[in-house]
Amino acid sequence: MAPYAFLEGERPDTVSPSLWRQARLNAIHGLFELTPGVYQVRGFDISNVTFIEGERGYLVIDPLTSAEPAAAALKLLRAHRGDRPVTGVIYTHSHVDHYGGILGVLPEGEARTEVPIVAPEGFLEAAISENVLLGNAMTRRATYMYGALLPPDARGHVDSGLGKGVSRGAVSLIPPTRSITHTGERLILDGVEIVFQVTPDTEAPAEMNFYFPKFKALCMAENCTCHLHNLYTPRGAQVRDARAWSGYIEEARQTWAHEAEVLFASHHWPRWGAGRADDFLGKQRDLYKYVHDQSLRLANHGLNGAEIGEALRLPPTLSAEWYTRGYYGTLNHNAKAVYQRYLGWFDGNPANLHTLPPIEVGKRYVELAGGADQLLVKARTAFARGDYRWVAELVNHLVFADPANAEARALQAETLEQLGYQAESGPWRDFYLTGAQELRFPRPASATPRQGSAGQLRTLPANHLLEALAVRLNGERATEADLGFTLRFIDSGESFDVMVENAVLRHHTGATYPVVELTRAKLVDLVLGEAMIEDLIKRGEVTGEATGELGALIGLLDRFDFWFEIVAP
C-alpha cells in the first residue's frame, strides 16, 4: 500500500470525489477479526482472503489472484493466530482473483493432494471459459480495466472500486476436489459445519454463498459488495442474469439474515448485526432487480441499449446509499448488459446490421469531415467546450484511419484523460487513462507474438488442455489438414484420440490411432514455442509412431500476442 500514500492527502481535481472516498476505504488493509474464529486479510490483492479456524488448522476462502500475496496473507495470519496447517480451501466462484493464488496456501509435496478444495458445480468449466479459452484477449483487456499499466498516483490508478488493484504474481488453476451441487447442501470441513447456497449465473457463472452456524457468519461471495457490481464486465465476459442475482440475494436474506451476526464478502468490508445485514441485502436485492426491470421496461418502449443507458436513474431510496454507487459497474453499461442479454448486440435498426469495420469507417468519416485537418479543428472546438464524449468518438475515427497522425493521438489522449478524471467508476477511469497512455507511448511492433502467462494452461486437466488447443487452431491454415493420432500423457496415463478435419480440432478419450507419448508439460512447451519437437524427440521426451502428426498439429496452432492494439488499429 506504500504507493497509495497519496490518498492520505487532499483530493486533487483529477479524481472524482466519490471515487476518492472509495479509494481511501479500500486502502484500509491488514488482518481483521470478523468474529472469534473468522479472520480476513484485506488489501493484499483486489480481493479478500478469509480464514476460518477449524479443529486442526485453517480453512481458506478465496486464496487471491496469485501465490505471493496469498502466502503473505497466510504468514500474517499465522504470526497472530498460530502456525497451523491449511486444512481446506473454498473457492466462492470462478473468477481468477478467487482461486489463482492457490499454490500460495497449499502445502508442498504429497500433503498438497490431501487438502480438500470445495467449489460450486461448474466451477472448472466457467474458469476455463473465461481465463483460458479467451484468456489472452480477456487478460489484455483487464490491463485496461484494472489500471495495471498506470502509475499509482492522482493522475493514474487510484482504485479499482472493487479493491485497490490486482496482484501480478504466479497464477495457477487447481481443480476442486468437491463440487457443491444444490442449495441446502451441508459439509463439515475440519470440524466446521458449512451450509451452502448455489447461485449460478449471478456475479459469475458458477458461484455460491454459504453460512457458518457455529460463527453465525454469512459469506455472500461477490454477490453483495459495497457498490453496484457489473452485469457486464468491461474486460469481457458473459452477461450476468440480474433477475436471478436479485432472487438469490433475497433467498439468502430470508434464510440467514435474521440470525447472522456478521456478513462478509470476497471484497470490501463486513457488516455486523442482523438488522444491518437485512437492510443491506434488501437494498442490494432491489438494486439489481431495478436495473433489470427498468431496462426491460424502456426496451419495450422501443429504446435501444445506448438510449436506455442514458435514461436510467436509480430511485432516491437506492441512490442514497454508498453501497449502490457505480464504483465498479455503472448504471450505464449495466443497462446495456440487460438489453444485450435479452436482445443481443443488434438494436433492430438495419443500418446497424452489417456496419463497416473500424478502419474503413474511420477513413470515410475523415473524408466526410473534409480531411484530417478539418476534423481536428472541429474536435478541438468541441474539446474547448468540454464535449469530451463527442471528441472521443470523432477523433477515434481519425486514429483508426491514420494511426500515425500525432496530433490526433495527442488530442485523443487528452480527451480520454479528461473523461477518466471525471469517472466515478474505477474501471472506467482506468480504461480511459490506459487508453491515453497507450496513445502517447505506442509499443514497437514485434515480429513474433509476445505471449502472456501460461500458468493456468500448465495446470489444466488433460481434457481441458486439449479443449484450449482447439481455440488455437488456425482455420485458414488447417483447411487441407486431415490428422488422426492418439495422444498419450505419460504423467497421467490418459489417452485421447485427436483429430483434425474440416479445419476443426476434436478429441475424445480413446486409443484408436498411431500413438505419440509425452507429458502435459511438454505439450504446453510445444504449443508456446518454448521447445521444438525435434529436440524433444532427440531427448526421448516425445516418442511413438505419430510424432510427425503431432508436429503437424503444432504447426497449425496460433500463438497469441498479448499486446494487441486496443485504441489503435
# chains A, B, ... in the order shown; residues from 1 in each chain; ligands from 1

$ residues_around --residues "Arg21 (chain A)" --least-positions-apart "6" --cutoff "12 Å" --atoms "only C-alpha atoms" --output "PyMOL selection string"
chain A and resi 7-11+15+27-28+158-159+161+322+325+327+424-426

$ select_by_dssp --residues "region 24-253 of chain A" --states "strand (DSSP E or B)" --output "PyMOL selection string"
chain A and resi 30-35+38-42+49-53+58-61+86-90+93+117-120+178-180+186-189+192-198+207-212+217-219

$ residues_around --residues "Ala170 (chain A)" --least-positions-apart "6" --cutoff "9 Å" --atoms "only C-alpha atoms" --output "number ranges by chain"
A: 65-68, 100-101, 103-104, 453, 455

$ closest_residue --among "A:Ser179, A:Thr543, A:Ser160, A:Asn304" --to "Tyr328 (chain A)" --atoms "only C-alpha atoms"
A:Ser160

$ closest_residue --among "A:Leu343, A:Ile249, A:Ile566, A:Leu483" --to "Asn502 (chain A)" --atoms "only C-alpha atoms"
A:Leu483

$ residues_around --residues "region 278-289 of chain A" --least-positions-apart "5" --cutoff "10 Å" --atoms "only C-alpha atoms" --output "number ranges by chain"
A: 220, 223-231, 241-254, 256-260, 263, 271, 273, 294-295, 314-315, 317-319, 321, 323-325, 334

$ write_last_selection --atoms "C-alpha atoms" --output "short mmCIF file (atom, residue, chain, number, x, y, z; two decimals), in the first residue's frame"
data_model
loop_
_atom_site.label_atom_id
_atom_site.label_comp_id
_atom_site.auth_asym_id
_atom_site.auth_seq_id
_atom_site.Cartn_x
_atom_site.Cartn_y
_atom_site.Cartn_z
CA MET A 220 -22.04 -13.54 0.32
CA ASN A 223 -22.87 -11.27 -4.88
CA CYS A 224 -23.18 -8.42 -2.36
CA THR A 225 -20.30 -5.99 -2.15
CA CYS A 226 -20.13 -2.28 -1.36
CA HIS A 227 -21.06 -0.87 -4.76
CA LEU A 228 -23.09 -1.60 -7.87
CA HIS A 229 -21.38 -4.60 -9.44
CA ASN A 230 -21.06 -5.47 -13.11
CA LEU A 231 -23.81 -7.16 -15.06
CA ASP A 241 -28.55 -12.54 -15.02
CA ALA A 242 -29.72 -9.58 -12.94
CA ARG A 243 -33.12 -11.11 -12.19
CA ALA A 244 -31.60 -14.36 -10.87
CA TRP A 245 -28.98 -12.37 -8.96
CA SER A 246 -31.67 -10.42 -7.15
CA GLY A 247 -33.61 -13.59 -6.40
CA TYR A 248 -30.62 -15.35 -4.85
CA ILE A 249 -29.91 -12.35 -2.62
CA GLU A 250 -33.49 -12.50 -1.36
CA GLU A 251 -33.18 -16.24 -0.76
CA ALA A 252 -30.06 -15.65 1.34
CA ARG A 253 -31.77 -12.80 3.20
CA GLN A 254 -34.76 -14.92 4.12
CA TRP A 256 -29.90 -16.31 7.21
CA ALA A 257 -30.26 -12.55 7.73
CA HIS A 258 -32.34 -12.97 10.91
CA GLU A 259 -29.59 -14.92 12.69
CA ALA A 260 -26.30 -13.86 11.08
CA LEU A 263 -21.98 -10.63 6.93
CA ARG A 271 -21.32 -5.69 8.38
CA GLY A 273 -25.75 -7.29 13.29
CA GLN A 294 -36.47 -0.80 -15.76
CA SER A 295 -34.11 -1.67 -18.60
CA LEU A 314 -31.94 4.94 -9.51
CA PRO A 315 -34.85 5.89 -7.23
CA THR A 317 -34.18 5.23 -1.71
CA LEU A 318 -31.45 3.33 -3.56
CA SER A 319 -29.30 6.20 -4.80
CA GLU A 321 -26.76 4.50 -0.26
CA TYR A 323 -23.06 0.75 -1.47
CA THR A 324 -25.24 1.17 -4.56
CA ARG A 325 -22.96 3.62 -6.34
CA ASN A 334 -25.30 -2.45 -16.81
#

$ residues_around --residues "Gly529 (chain A)" --least-positions-apart "3" --cutoff "10 Å" --atoms "only C-alpha atoms" --output "list in words"
Gln451, Leu523, Val524, Asp525, Leu526, Met532, Ile533, Ile554 and Arg559 of chain A

$ write_last_selection --atoms "C-alpha atoms" --output "PDB file, in the first residue's frame"
ATOM      1  CA  GLN A 451       2.802 -14.278 -25.277  1.00  0.00           C
ATOM      2  CA  LEU A 523       2.848 -30.392 -24.833  1.00  0.00           C
ATOM      3  CA  VAL A 524       2.399 -26.899 -23.383  1.00  0.00           C
ATOM      4  CA  ASP A 525       6.075 -26.159 -24.125  1.00  0.00           C
ATOM      5  CA  LEU A 526       5.459 -27.111 -27.753  1.00  0.00           C
ATOM      6  CA  MET A 532      10.951 -27.699 -30.560  1.00  0.00           C
ATOM      7  CA  ILE A 533       9.553 -31.143 -31.273  1.00  0.00           C
ATOM      8  CA  ILE A 554       1.660 -27.873 -33.553  1.00  0.00           C
ATOM      9  CA  ARG A 559       0.452 -18.232 -30.670  1.00  0.00           C
TER      10      ARG A 559
END

$ residues_around --residues "Pro176 (chain A)" --least-positions-apart "3" --cutoff "12 Å" --atoms "only C-alpha atoms" --output "PyMOL selection string"
chain A and resi 88-94+99+102+113-125+127+173+179-180+460-461

$ write_last_selection --atoms "N, CA, C and O atoms" --output "short mmCIF file (atom, residue, chain, number, x, y, z; two decimals), in the first residue's frame"
data_model
loop_
_atom_site.label_atom_id
_atom_site.label_comp_id
_atom_site.auth_asym_id
_atom_site.auth_seq_id
_atom_site.Cartn_x
_atom_site.Cartn_y
_atom_site.Cartn_z
N GLY A 88 -8.31 -26.97 4.42
CA GLY A 88 -9.35 -26.94 3.40
C GLY A 88 -9.34 -25.60 2.69
O GLY A 88 -8.92 -24.58 3.25
N VAL A 89 -9.78 -25.61 1.43
CA VAL A 89 -9.87 -24.39 0.63
C VAL A 89 -11.26 -24.33 0.01
O VAL A 89 -11.79 -25.36 -0.45
N ILE A 90 -11.85 -23.14 0.00
CA ILE A 90 -13.14 -22.93 -0.64
C ILE A 90 -12.99 -21.84 -1.69
O ILE A 90 -12.52 -20.73 -1.39
N TYR A 91 -13.36 -22.16 -2.93
CA TYR A 91 -13.48 -21.15 -3.97
C TYR A 91 -14.94 -20.70 -3.99
O TYR A 91 -15.83 -21.49 -4.28
N THR A 92 -15.18 -19.42 -3.75
CA THR A 92 -16.58 -18.97 -3.81
C THR A 92 -17.11 -18.95 -5.24
O THR A 92 -18.29 -19.18 -5.46
N HIS A 93 -16.22 -18.68 -6.20
CA HIS A 93 -16.69 -18.62 -7.59
C HIS A 93 -15.51 -18.69 -8.55
O HIS A 93 -14.36 -18.83 -8.15
N SER A 94 -15.82 -18.56 -9.84
CA SER A 94 -14.90 -18.96 -10.91
C SER A 94 -14.07 -17.83 -11.48
O SER A 94 -13.53 -17.95 -12.58
N TYR A 99 -9.18 -17.73 -6.98
CA TYR A 99 -8.56 -19.06 -6.97
C TYR A 99 -7.10 -19.06 -7.42
O TYR A 99 -6.35 -19.99 -7.12
N ILE A 102 -3.84 -20.16 -5.27
CA ILE A 102 -3.99 -21.40 -4.51
C ILE A 102 -2.65 -22.00 -4.09
O ILE A 102 -2.52 -22.52 -2.97
N THR A 113 -2.08 -32.88 -2.00
CA THR A 113 -3.23 -33.61 -2.55
C THR A 113 -4.23 -33.99 -1.47
O THR A 113 -5.34 -34.43 -1.79
N GLU A 114 -3.87 -33.84 -0.21
CA GLU A 114 -4.75 -34.22 0.89
C GLU A 114 -5.67 -33.10 1.34
O GLU A 114 -6.55 -33.32 2.17
N VAL A 115 -5.46 -31.90 0.82
CA VAL A 115 -6.27 -30.75 1.23
C VAL A 115 -7.52 -30.69 0.34
O VAL A 115 -7.41 -30.53 -0.89
N PRO A 116 -8.71 -30.79 0.90
CA PRO A 116 -9.93 -30.69 0.08
C PRO A 116 -10.10 -29.28 -0.46
O PRO A 116 -9.85 -28.29 0.23
N ILE A 117 -10.53 -29.19 -1.72
CA ILE A 117 -10.82 -27.91 -2.36
C ILE A 117 -12.27 -27.94 -2.81
O ILE A 117 -12.66 -28.78 -3.62
N VAL A 118 -13.08 -27.05 -2.27
CA VAL A 118 -14.52 -27.04 -2.49
C VAL A 118 -14.90 -25.87 -3.39
O VAL A 118 -14.40 -24.75 -3.20
N ALA A 119 -15.77 -26.11 -4.35
CA ALA A 119 -16.21 -25.06 -5.27
C ALA A 119 -17.62 -25.36 -5.74
O ALA A 119 -18.10 -26.50 -5.64
N PRO A 120 -18.32 -24.36 -6.28
CA PRO A 120 -19.66 -24.63 -6.82
C PRO A 120 -19.59 -25.47 -8.09
O PRO A 120 -18.60 -25.44 -8.83
N GLU A 121 -20.63 -26.23 -8.33
CA GLU A 121 -20.71 -27.05 -9.53
C GLU A 121 -20.54 -26.17 -10.77
O GLU A 121 -21.09 -25.08 -10.85
N GLY A 122 -19.75 -26.64 -11.71
CA GLY A 122 -19.49 -25.88 -12.94
C GLY A 122 -18.32 -24.93 -12.83
O GLY A 122 -18.01 -24.22 -13.79
N PHE A 123 -17.64 -24.95 -11.68
CA PHE A 123 -16.53 -24.01 -11.46
C PHE A 123 -15.46 -24.14 -12.52
O PHE A 123 -15.03 -23.16 -13.14
N LEU A 124 -14.96 -25.35 -12.75
CA LEU A 124 -13.82 -25.53 -13.64
C LEU A 124 -14.16 -25.12 -15.06
O LEU A 124 -13.37 -24.43 -15.73
N GLU A 125 -15.33 -25.50 -15.53
CA GLU A 125 -15.73 -25.15 -16.89
C GLU A 125 -15.83 -23.63 -17.05
O GLU A 125 -15.39 -23.06 -18.06
N ALA A 127 -14.31 -21.28 -15.17
CA ALA A 127 -12.98 -20.68 -15.04
C ALA A 127 -12.19 -20.82 -16.33
O ALA A 127 -11.51 -19.88 -16.78
N LEU A 173 -4.34 -22.69 -11.67
CA LEU A 173 -5.72 -23.18 -11.60
C LEU A 173 -5.67 -24.65 -11.17
O LEU A 173 -5.31 -25.53 -11.96
N SER A 179 -17.49 -30.67 -5.44
CA SER A 179 -18.41 -29.68 -6.01
C SER A 179 -19.69 -29.62 -5.19
O SER A 179 -20.25 -30.66 -4.81
N ILE A 180 -20.15 -28.41 -4.96
CA ILE A 180 -21.43 -28.18 -4.28
C ILE A 180 -22.50 -28.08 -5.35
O ILE A 180 -22.42 -27.24 -6.25
N LEU A 460 -3.94 -27.27 -16.18
CA LEU A 460 -5.24 -27.79 -16.61
C LEU A 460 -5.23 -29.31 -16.66
O LEU A 460 -4.24 -29.93 -17.04
N PRO A 461 -6.36 -29.94 -16.33
CA PRO A 461 -6.52 -31.37 -16.63
C PRO A 461 -6.38 -31.59 -18.13
O PRO A 461 -6.66 -30.71 -18.95
#

$ residues_around --residues "region 403-410 of chain A" --least-positions-apart "3" --cutoff "12 Å" --atoms "only C-alpha atoms" --output "ChimeraX atom specification"
/A:358-359,362-363,366,372-380,391-400,413-417,435-442,565-569

$ select_by_dssp --residues "region 434-466 of chain A" --states "alpha helix (DSSP H)" --output "list in words"
Thr434, Gly435, Ala436, Gln437, Glu438, Leu439, Arg440, Gly455, Gln456, Leu457, Arg458, Ala462, Asn463, His464, Leu465 and Leu466 of chain A

$ atom_distance --atom1 "CA of Ala351 (chain A)" --atom2 "CA of Tyr339 (chain A)"
18.6 Å
